[in-house]
>>> print(open('run-v8.cif').read())   # mmCIF, C-alpha atoms
data_entry
loop_
_atom_site.label_atom_id
_atom_site.label_comp_id
_atom_site.auth_asym_id
_atom_site.auth_seq_id
_atom_site.Cartn_x
_atom_site.Cartn_y
_atom_site.Cartn_z
CA MET S 1 0.00 0.00 0.00
CA SER S 2 2.69 2.46 -0.96
CA SER S 3 0.16 4.50 -2.91
CA PHE S 4 -3.63 4.53 -2.52
CA TYR S 5 -6.66 6.81 -2.37
CA ALA S 6 -8.46 7.49 0.91
CA VAL S 7 -12.18 8.16 0.48
CA ILE S 8 -13.72 10.29 3.25
CA PRO S 9 -17.39 11.24 2.59
CA THR S 10 -18.89 14.45 3.95
CA ASN S 11 -20.77 12.72 6.78
CA VAL S 12 -17.37 11.69 8.13
CA LEU S 13 -15.34 14.73 7.07
CA PHE S 14 -17.64 17.22 8.84
CA ASN S 15 -18.62 15.03 11.79
CA VAL S 16 -17.96 17.11 14.91
CA ASP S 17 -17.90 13.98 17.07
CA LEU S 18 -14.91 12.50 15.26
CA LYS S 19 -11.34 13.59 15.90
CA PRO S 20 -9.23 14.55 12.86
CA ASN S 21 -7.13 11.38 13.18
CA GLU S 22 -10.28 9.25 13.34
CA LYS S 23 -11.50 10.79 10.10
CA LEU S 24 -8.17 9.99 8.48
CA LEU S 25 -8.28 6.44 9.85
CA TYR S 26 -11.74 6.01 8.32
CA GLY S 27 -10.21 6.79 4.94
CA VAL S 28 -7.41 4.31 5.61
CA LEU S 29 -9.92 1.61 6.57
CA VAL S 30 -11.89 2.21 3.38
CA SER S 31 -8.67 1.77 1.41
CA LEU S 32 -7.88 -1.45 3.28
CA ALA S 33 -11.34 -2.90 2.73
CA ASN S 34 -11.80 -5.70 0.20
CA GLU S 35 -14.57 -5.89 -2.41
CA ARG S 36 -17.04 -6.85 0.34
CA GLY S 37 -16.12 -3.80 2.41
CA GLU S 38 -14.32 -5.88 5.04
CA VAL S 39 -11.06 -5.07 6.82
CA TYR S 40 -9.10 -7.96 8.34
CA GLN S 41 -6.02 -6.08 9.56
CA THR S 42 -5.45 -5.95 13.32
CA ASN S 43 -4.90 -2.73 15.23
CA GLN S 44 -1.19 -3.52 15.34
CA GLU S 45 -1.04 -4.04 11.58
CA ILE S 46 -2.81 -0.72 11.03
CA ALA S 47 -0.42 0.99 13.45
CA ASP S 48 2.50 -0.55 11.55
CA LEU S 49 1.08 0.95 8.36
CA TYR S 50 1.17 4.39 9.97
CA LEU S 51 4.70 3.74 11.21
CA SER S 52 5.82 2.69 7.73
CA HIS S 53 4.71 6.09 6.46
CA GLY S 54 6.62 7.97 9.14
CA HIS S 55 3.83 8.53 11.67
CA ASP S 56 4.27 7.70 15.34
CA CYS S 57 1.35 5.43 16.19
CA SER S 58 0.59 2.52 18.52
CA SER S 59 -1.97 -0.27 18.45
CA LYS S 60 -3.55 1.25 21.58
CA THR S 61 -4.04 4.55 19.77
CA VAL S 62 -5.55 2.80 16.77
CA SER S 63 -7.85 0.84 19.08
CA GLY S 64 -9.28 4.07 20.50
CA TRP S 65 -9.84 5.52 17.04
CA VAL S 66 -11.46 2.32 15.78
CA ASN S 67 -13.77 2.09 18.78
CA ASN S 68 -15.08 5.60 18.20
CA ILE S 69 -15.58 4.91 14.48
CA ILE S 70 -17.58 1.82 15.45
CA GLN S 71 -19.53 3.82 18.04
CA MET S 72 -20.47 6.29 15.30
CA LYS S 73 -21.73 3.27 13.27
CA LEU S 74 -19.43 3.99 10.34
CA PHE S 75 -17.95 0.50 10.63
CA SER S 76 -19.20 -2.57 12.46
CA ALA S 77 -17.00 -5.15 14.16
CA GLU S 78 -17.42 -8.92 14.12
CA LEU S 79 -15.37 -11.47 16.03
CA LYS S 80 -14.66 -14.62 13.99
CA SER S 81 -14.48 -18.16 15.33
CA ASN S 82 -10.68 -18.08 15.19
CA ASN S 83 -10.73 -15.02 17.50
CA THR S 84 -9.88 -12.59 14.70
CA ARG S 85 -11.75 -9.34 14.18
CA THR S 86 -13.36 -8.15 10.98
CA LEU S 87 -14.38 -4.54 10.41
CA LYS S 88 -17.13 -3.96 7.87
CA ILE S 89 -18.18 -0.69 6.22
CA THR S 90 -21.78 0.13 7.13
CA HIS S 91 -22.32 2.30 4.04
CA ASN S 92 -20.57 2.61 0.68
CA PRO S 93 -18.62 5.90 1.04
CA LEU S 94 -18.99 6.54 -2.70
CA LEU S 95 -22.79 6.59 -2.44
CA PRO S 96 -24.93 9.34 -0.92
CA VAL S 97 -26.27 8.76 2.58
CA ASN S 98 -30.00 8.09 2.74
CA ARG S 99 -31.97 10.90 4.35
CA PRO S 100 -35.38 9.53 5.39
CA ASN S 101 -37.65 12.13 6.95
CA ASP S 102 -38.19 10.21 10.18
CA THR S 103 -34.58 9.46 11.07
CA ARG S 104 -31.44 11.52 11.40
CA THR S 105 -27.82 10.73 12.01
CA GLN S 106 -26.04 13.61 13.63
CA GLY S 107 -22.86 13.48 11.57
CA TYR S 108 -24.43 13.76 8.12
CA GLU S 109 -27.92 15.10 8.56
CA TYR S 110 -27.07 18.04 10.75
CA THR S 111 -24.02 18.86 8.69
CA GLN S 112 -26.11 18.96 5.51
CA GLU S 113 -28.71 21.11 7.22
CA ILE S 114 -25.99 23.44 8.47
CA MET S 115 -24.70 23.71 4.91
CA ASP S 116 -28.24 24.57 3.73
CA VAL S 117 -28.45 27.29 6.38
CA MET S 118 -25.08 28.74 5.40
CA ASP S 119 -26.03 28.71 1.70
CA TYR S 120 -29.01 30.89 2.58
CA TYR S 121 -26.88 33.08 4.84
CA THR S 122 -24.41 33.63 2.00
CA GLU S 123 -27.20 34.58 -0.41
CA VAL S 124 -28.72 37.10 1.99
CA VAL S 125 -25.63 38.59 3.63
CA GLY S 126 -23.24 38.19 0.72
CA SER S 127 -20.43 36.48 2.62
CA THR S 128 -19.67 33.08 4.14
CA PRO S 129 -18.13 33.30 7.62
CA THR S 130 -16.08 30.57 9.22
CA LEU S 131 -18.16 28.57 11.68
CA SER S 132 -16.54 28.09 15.07
CA LYS S 133 -16.98 24.81 16.92
CA PRO S 134 -19.23 26.42 19.60
CA THR S 135 -21.46 27.84 16.87
CA VAL S 136 -21.71 24.46 15.14
CA THR S 137 -22.56 22.90 18.50
CA ASN S 138 -25.29 25.51 19.05
CA MET S 139 -26.73 24.81 15.60
CA ILE S 140 -26.71 21.06 16.18
CA ASN S 141 -28.45 21.53 19.51
CA HIS S 142 -31.14 23.68 17.89
CA PHE S 143 -31.79 20.90 15.36
CA LYS S 144 -31.84 18.28 18.11
CA ASN S 145 -34.43 20.40 19.92
CA GLY S 146 -36.73 20.25 16.90
CA LYS S 147 -35.77 23.38 14.99
CA LYS S 148 -35.57 23.20 11.22
CA VAL S 149 -33.64 24.92 8.45
CA ILE S 150 -36.60 27.25 7.94
CA ASP S 151 -36.19 28.54 11.52
CA PHE S 152 -32.58 29.48 10.80
CA LYS S 153 -33.74 31.21 7.62
CA LYS S 154 -36.24 33.19 9.66
CA VAL S 155 -33.50 34.41 11.97
CA ILE S 156 -31.22 35.40 9.08
CA ALA S 157 -34.05 37.13 7.23
CA VAL S 158 -35.43 39.13 10.14
CA LYS S 159 -32.02 40.28 11.36
CA SER S 160 -30.89 41.22 7.85
CA VAL S 161 -33.45 44.06 7.94
CA ASP S 162 -32.92 44.98 11.58
CA PRO S 163 -31.64 48.61 11.65
CA TRP S 164 -29.20 47.86 14.46
CA PHE S 165 -27.64 44.95 12.57
CA ILE S 166 -27.48 47.02 9.39
CA GLU S 167 -25.57 49.70 11.29
CA ASN S 168 -23.39 47.08 13.00
CA PRO S 169 -22.75 44.42 10.33
CA GLN S 170 -19.88 42.97 12.35
CA TYR S 171 -22.52 41.32 14.56
CA MET S 172 -24.49 39.84 11.66
CA LEU S 173 -22.71 36.55 12.21
CA PRO S 174 -23.87 33.00 13.02
CA THR S 175 -22.04 33.34 16.35
CA THR S 176 -24.53 36.01 17.41
CA LEU S 177 -27.60 34.91 15.46
CA PHE S 178 -27.60 31.30 16.61
CA ARG S 179 -26.54 31.84 20.22
CA PRO S 180 -29.11 30.02 22.40
CA GLN S 181 -30.35 33.13 24.19
CA ASN S 182 -30.84 34.92 20.85
CA PHE S 183 -32.07 32.22 18.50
CA VAL S 184 -35.57 31.58 19.88
CA LYS S 185 -36.13 35.30 20.42
CA TYR S 186 -35.25 36.03 16.78
CA VAL S 187 -37.46 33.21 15.47
CA ASN S 188 -40.38 34.60 17.47
CA GLU S 189 -39.61 38.09 16.18
CA TYR S 190 -39.88 36.83 12.61
CA ASP S 191 -43.18 35.06 13.35
CA ILE S 192 -44.59 38.24 14.84
CA LYS S 193 -43.68 40.10 11.69
CA GLN S 194 -45.60 37.39 9.78
CA GLY S 195 -43.05 36.96 7.07
CA SER S 196 -42.57 40.64 6.31
CA ALA S 197 -38.76 40.47 6.55
CA GLN S 198 -36.79 41.33 3.44
CA PRO S 199 -33.02 41.07 2.90
CA GLN S 200 -30.94 44.09 3.75
CA SER S 201 -30.02 46.63 1.09
CA GLY S 202 -27.20 45.50 -1.14
CA SER S 203 -27.78 41.76 -0.62
CA LYS S 204 -28.91 39.38 -3.32
CA ASP S 205 -32.58 39.08 -4.14
CA VAL S 206 -33.57 36.47 -1.59
CA VAL S 207 -36.99 36.65 0.06
CA LEU S 208 -38.28 34.23 2.65
CA THR S 209 -41.84 33.69 1.52
CA ASN S 210 -44.78 31.90 3.14
CA GLU S 211 -44.50 29.19 0.50
CA GLU S 212 -41.27 28.03 2.19
CA PHE S 213 -42.95 27.28 5.53
#
>>> encode(input="run-v8.cif", output="structure tokens")
Amino acid sequence: MSSFYAVIPTNVLFNVDLKPNEKLLYGVLVSLANERGEVYQTNQEIADLYLSHGHDCSSKTVSGWVNNIIQMKLFSAELKSNNTRTLKITHNPLLPVNRPNDTRTQGYEYTQEIMDVMDYYTEVVGSTPTLSKPTVTNMINHFKNGKKVIDFKKVIAVKSVDPWFIENPQYMLPTTLFRPQNFVKYVNEYDIKQGSAQPQSGSKDVVLTNEEF
């Protein structure tokens, strides 16, 4: 394996519950998998692979990474009769992840929804800020509490026409908009205005209409 591709899909790449090294290991495991999506290498053999490429790594470290990947249900583990372990990919990383309406997996679903929110933010405000980890955590928690993309759009729309935010654009950021103590208040403010919010002057022509509710 002196040269190979590591496939890391977006539900893994943007998963806030995976450490960077665990995301990289996922790609390594995909590369090690056979045509049935199974990995037979032991933790020590995987650690040796890292070592052969100049990275300091131990089987204990790999074990921790693998366990978290299994916990996130990206791979499953099966113990064979000869006491050897097999890791199996739970989903083809080259295929899109199913998004049924009644189930959500935090890593992919919330990340996609966050991307939808930021696409709308970019259209209205005209810029795409960098999301900090606390802000992402706040957004995920809002989704877990039953909020939807449309609620985030309401907040962006109503604050984009707020005179104070227009005069102080440095605060028109997800950090402020989606802060727990602000978010619900801003959603309610939009609902009170009954959809009258329009994007601020100079932004692209984006209007949150009743048809989107």
>>> closest_residue(input="run-v8.cif", among="S:Val125, S:Ile150, S:Leu177, S:Ile69", to="Asn138 in chain S", atoms="only C-alpha atoms")
S:Leu177
>>> closest_residue(input="run-v8.cif", among="S:Val155, S:Val136, S:Leu25, S:Val39", to="Cys57 in chain S", atoms="all atoms listed in the file")
S:Leu25
>>> residues_around(input="run-v8.cif", residues="Arg179 in chain S", least_positions_apart="6", cutoff="10 Å", atoms="all atoms listed in the file", output="JSON, numbers by chain")
{"S": [134, 135, 137, 138, 139, 142]}
>>> resolve_selection(input="run-v8.cif", expression="the PyMOL selection byres ((chain S and resi 153) around 8)", output="ChimeraX atom specification")
/S:117,120-121,149-152,154-157,208
>>> residues_around(input="run-v8.cif", residues="Leu24 in chain S", least_positions_apart="4", cutoff="12 Å", atoms="all atoms listed in the file", output="list in words")
Tyr5, Ala6, Val7, Ile8, Pro9, Val12, Leu13, Phe14, Leu18, Lys19, Pro20, Val28, Leu29, Val30, Ser31, Tyr50, Val62, Trp65, Val66 and Ile69 of chain S
>>> decode(input="run-v8.cif", residues="range 37-171 of chain S", atoms="C-alpha atoms", output="mmCIF file, in the first residue's frame")
data_model
loop_
_atom_site.group_PDB
_atom_site.id
_atom_site.type_symbol
_atom_site.label_atom_id
_atom_site.label_comp_id
_atom_site.auth_asym_id
_atom_site.auth_seq_id
_atom_site.Cartn_x
_atom_site.Cartn_y
_atom_site.Cartn_z
ATOM 1 C CA GLY S 37 -16.121 -3.798 2.409
ATOM 2 C CA GLU S 38 -14.322 -5.879 5.045
ATOM 3 C CA VAL S 39 -11.065 -5.070 6.819
ATOM 4 C CA TYR S 40 -9.097 -7.957 8.339
ATOM 5 C CA GLN S 41 -6.018 -6.075 9.559
ATOM 6 C CA THR S 42 -5.445 -5.954 13.317
ATOM 7 C CA ASN S 43 -4.904 -2.734 15.232
ATOM 8 C CA GLN S 44 -1.193 -3.519 15.344
ATOM 9 C CA GLU S 45 -1.038 -4.035 11.582
ATOM 10 C CA ILE S 46 -2.812 -0.719 11.034
ATOM 11 C CA ALA S 47 -0.420 0.989 13.455
ATOM 12 C CA ASP S 48 2.499 -0.554 11.550
ATOM 13 C CA LEU S 49 1.078 0.954 8.358
ATOM 14 C CA TYR S 50 1.169 4.391 9.970
ATOM 15 C CA LEU S 51 4.698 3.737 11.207
ATOM 16 C CA SER S 52 5.819 2.690 7.732
ATOM 17 C CA HIS S 53 4.708 6.089 6.455
ATOM 18 C CA GLY S 54 6.620 7.974 9.137
ATOM 19 C CA HIS S 55 3.834 8.529 11.674
ATOM 20 C CA ASP S 56 4.273 7.699 15.344
ATOM 21 C CA CYS S 57 1.355 5.432 16.195
ATOM 22 C CA SER S 58 0.591 2.521 18.517
ATOM 23 C CA SER S 59 -1.972 -0.270 18.454
ATOM 24 C CA LYS S 60 -3.555 1.246 21.584
ATOM 25 C CA THR S 61 -4.038 4.555 19.772
ATOM 26 C CA VAL S 62 -5.549 2.800 16.767
ATOM 27 C CA SER S 63 -7.852 0.839 19.082
ATOM 28 C CA GLY S 64 -9.276 4.070 20.504
ATOM 29 C CA TRP S 65 -9.836 5.521 17.042
ATOM 30 C CA VAL S 66 -11.457 2.321 15.775
ATOM 31 C CA ASN S 67 -13.769 2.089 18.780
ATOM 32 C CA ASN S 68 -15.080 5.603 18.196
ATOM 33 C CA ILE S 69 -15.580 4.908 14.475
ATOM 34 C CA ILE S 70 -17.582 1.816 15.449
ATOM 35 C CA GLN S 71 -19.530 3.818 18.036
ATOM 36 C CA MET S 72 -20.471 6.294 15.296
ATOM 37 C CA LYS S 73 -21.731 3.268 13.272
ATOM 38 C CA LEU S 74 -19.435 3.994 10.340
ATOM 39 C CA PHE S 75 -17.946 0.504 10.625
ATOM 40 C CA SER S 76 -19.205 -2.565 12.456
ATOM 41 C CA ALA S 77 -17.002 -5.155 14.156
ATOM 42 C CA GLU S 78 -17.416 -8.923 14.121
ATOM 43 C CA LEU S 79 -15.366 -11.474 16.029
ATOM 44 C CA LYS S 80 -14.663 -14.615 13.989
ATOM 45 C CA SER S 81 -14.478 -18.156 15.332
ATOM 46 C CA ASN S 82 -10.675 -18.077 15.194
ATOM 47 C CA ASN S 83 -10.734 -15.019 17.496
ATOM 48 C CA THR S 84 -9.880 -12.593 14.704
ATOM 49 C CA ARG S 85 -11.750 -9.343 14.185
ATOM 50 C CA THR S 86 -13.358 -8.151 10.977
ATOM 51 C CA LEU S 87 -14.385 -4.538 10.414
ATOM 52 C CA LYS S 88 -17.126 -3.960 7.868
ATOM 53 C CA ILE S 89 -18.175 -0.690 6.217
ATOM 54 C CA THR S 90 -21.778 0.129 7.128
ATOM 55 C CA HIS S 91 -22.318 2.296 4.037
ATOM 56 C CA ASN S 92 -20.570 2.607 0.681
ATOM 57 C CA PRO S 93 -18.616 5.901 1.038
ATOM 58 C CA LEU S 94 -18.990 6.535 -2.704
ATOM 59 C CA LEU S 95 -22.786 6.593 -2.445
ATOM 60 C CA PRO S 96 -24.932 9.337 -0.916
ATOM 61 C CA VAL S 97 -26.273 8.759 2.576
ATOM 62 C CA ASN S 98 -30.004 8.086 2.740
ATOM 63 C CA ARG S 99 -31.968 10.904 4.346
ATOM 64 C CA PRO S 100 -35.381 9.531 5.393
ATOM 65 C CA ASN S 101 -37.653 12.125 6.954
ATOM 66 C CA ASP S 102 -38.188 10.213 10.176
ATOM 67 C CA THR S 103 -34.575 9.459 11.073
ATOM 68 C CA ARG S 104 -31.442 11.523 11.404
ATOM 69 C CA THR S 105 -27.824 10.725 12.010
ATOM 70 C CA GLN S 106 -26.037 13.610 13.625
ATOM 71 C CA GLY S 107 -22.859 13.482 11.568
ATOM 72 C CA TYR S 108 -24.429 13.757 8.123
ATOM 73 C CA GLU S 109 -27.923 15.102 8.561
ATOM 74 C CA TYR S 110 -27.071 18.041 10.747
ATOM 75 C CA THR S 111 -24.021 18.857 8.690
ATOM 76 C CA GLN S 112 -26.112 18.961 5.515
ATOM 77 C CA GLU S 113 -28.714 21.106 7.220
ATOM 78 C CA ILE S 114 -25.994 23.445 8.474
ATOM 79 C CA MET S 115 -24.703 23.709 4.911
ATOM 80 C CA ASP S 116 -28.243 24.568 3.733
ATOM 81 C CA VAL S 117 -28.448 27.286 6.377
ATOM 82 C CA MET S 118 -25.085 28.738 5.400
ATOM 83 C CA ASP S 119 -26.026 28.712 1.704
ATOM 84 C CA TYR S 120 -29.013 30.893 2.579
ATOM 85 C CA TYR S 121 -26.880 33.081 4.836
ATOM 86 C CA THR S 122 -24.410 33.629 1.997
ATOM 87 C CA GLU S 123 -27.201 34.578 -0.411
ATOM 88 C CA VAL S 124 -28.722 37.105 1.993
ATOM 89 C CA VAL S 125 -25.628 38.588 3.632
ATOM 90 C CA GLY S 126 -23.242 38.187 0.716
ATOM 91 C CA SER S 127 -20.431 36.478 2.623
ATOM 92 C CA THR S 128 -19.666 33.083 4.142
ATOM 93 C CA PRO S 129 -18.126 33.304 7.618
ATOM 94 C CA THR S 130 -16.078 30.566 9.219
ATOM 95 C CA LEU S 131 -18.162 28.572 11.682
ATOM 96 C CA SER S 132 -16.545 28.092 15.069
ATOM 97 C CA LYS S 133 -16.983 24.808 16.920
ATOM 98 C CA PRO S 134 -19.227 26.422 19.604
ATOM 99 C CA THR S 135 -21.457 27.845 16.868
ATOM 100 C CA VAL S 136 -21.712 24.455 15.141
ATOM 101 C CA THR S 137 -22.562 22.904 18.499
ATOM 102 C CA ASN S 138 -25.286 25.506 19.052
ATOM 103 C CA MET S 139 -26.735 24.810 15.598
ATOM 104 C CA ILE S 140 -26.706 21.058 16.179
ATOM 105 C CA ASN S 141 -28.450 21.528 19.515
ATOM 106 C CA HIS S 142 -31.143 23.678 17.891
ATOM 107 C CA PHE S 143 -31.785 20.901 15.356
ATOM 108 C CA LYS S 144 -31.835 18.281 18.109
ATOM 109 C CA ASN S 145 -34.430 20.403 19.921
ATOM 110 C CA GLY S 146 -36.726 20.249 16.903
ATOM 111 C CA LYS S 147 -35.768 23.384 14.993
ATOM 112 C CA LYS S 148 -35.565 23.199 11.219
ATOM 113 C CA VAL S 149 -33.639 24.924 8.447
ATOM 114 C CA ILE S 150 -36.599 27.255 7.940
ATOM 115 C CA ASP S 151 -36.186 28.540 11.517
ATOM 116 C CA PHE S 152 -32.580 29.485 10.799
ATOM 117 C CA LYS S 153 -33.740 31.213 7.617
ATOM 118 C CA LYS S 154 -36.245 33.194 9.655
ATOM 119 C CA VAL S 155 -33.502 34.406 11.972
ATOM 120 C CA ILE S 156 -31.223 35.401 9.083
ATOM 121 C CA ALA S 157 -34.053 37.134 7.226
ATOM 122 C CA VAL S 158 -35.432 39.129 10.141
ATOM 123 C CA LYS S 159 -32.016 40.282 11.362
ATOM 124 C CA SER S 160 -30.892 41.219 7.846
ATOM 125 C CA VAL S 161 -33.455 44.064 7.938
ATOM 126 C CA ASP S 162 -32.919 44.983 11.583
ATOM 127 C CA PRO S 163 -31.643 48.608 11.655
ATOM 128 C CA TRP S 164 -29.198 47.857 14.457
ATOM 129 C CA PHE S 165 -27.638 44.950 12.566
ATOM 130 C CA ILE S 166 -27.485 47.021 9.391
ATOM 131 C CA GLU S 167 -25.568 49.704 11.294
ATOM 132 C CA ASN S 168 -23.393 47.082 13.005
ATOM 133 C CA PRO S 169 -22.752 44.416 10.329
ATOM 134 C CA GLN S 170 -19.876 42.967 12.354
ATOM 135 C CA TYR S 171 -22.519 41.317 14.558
#
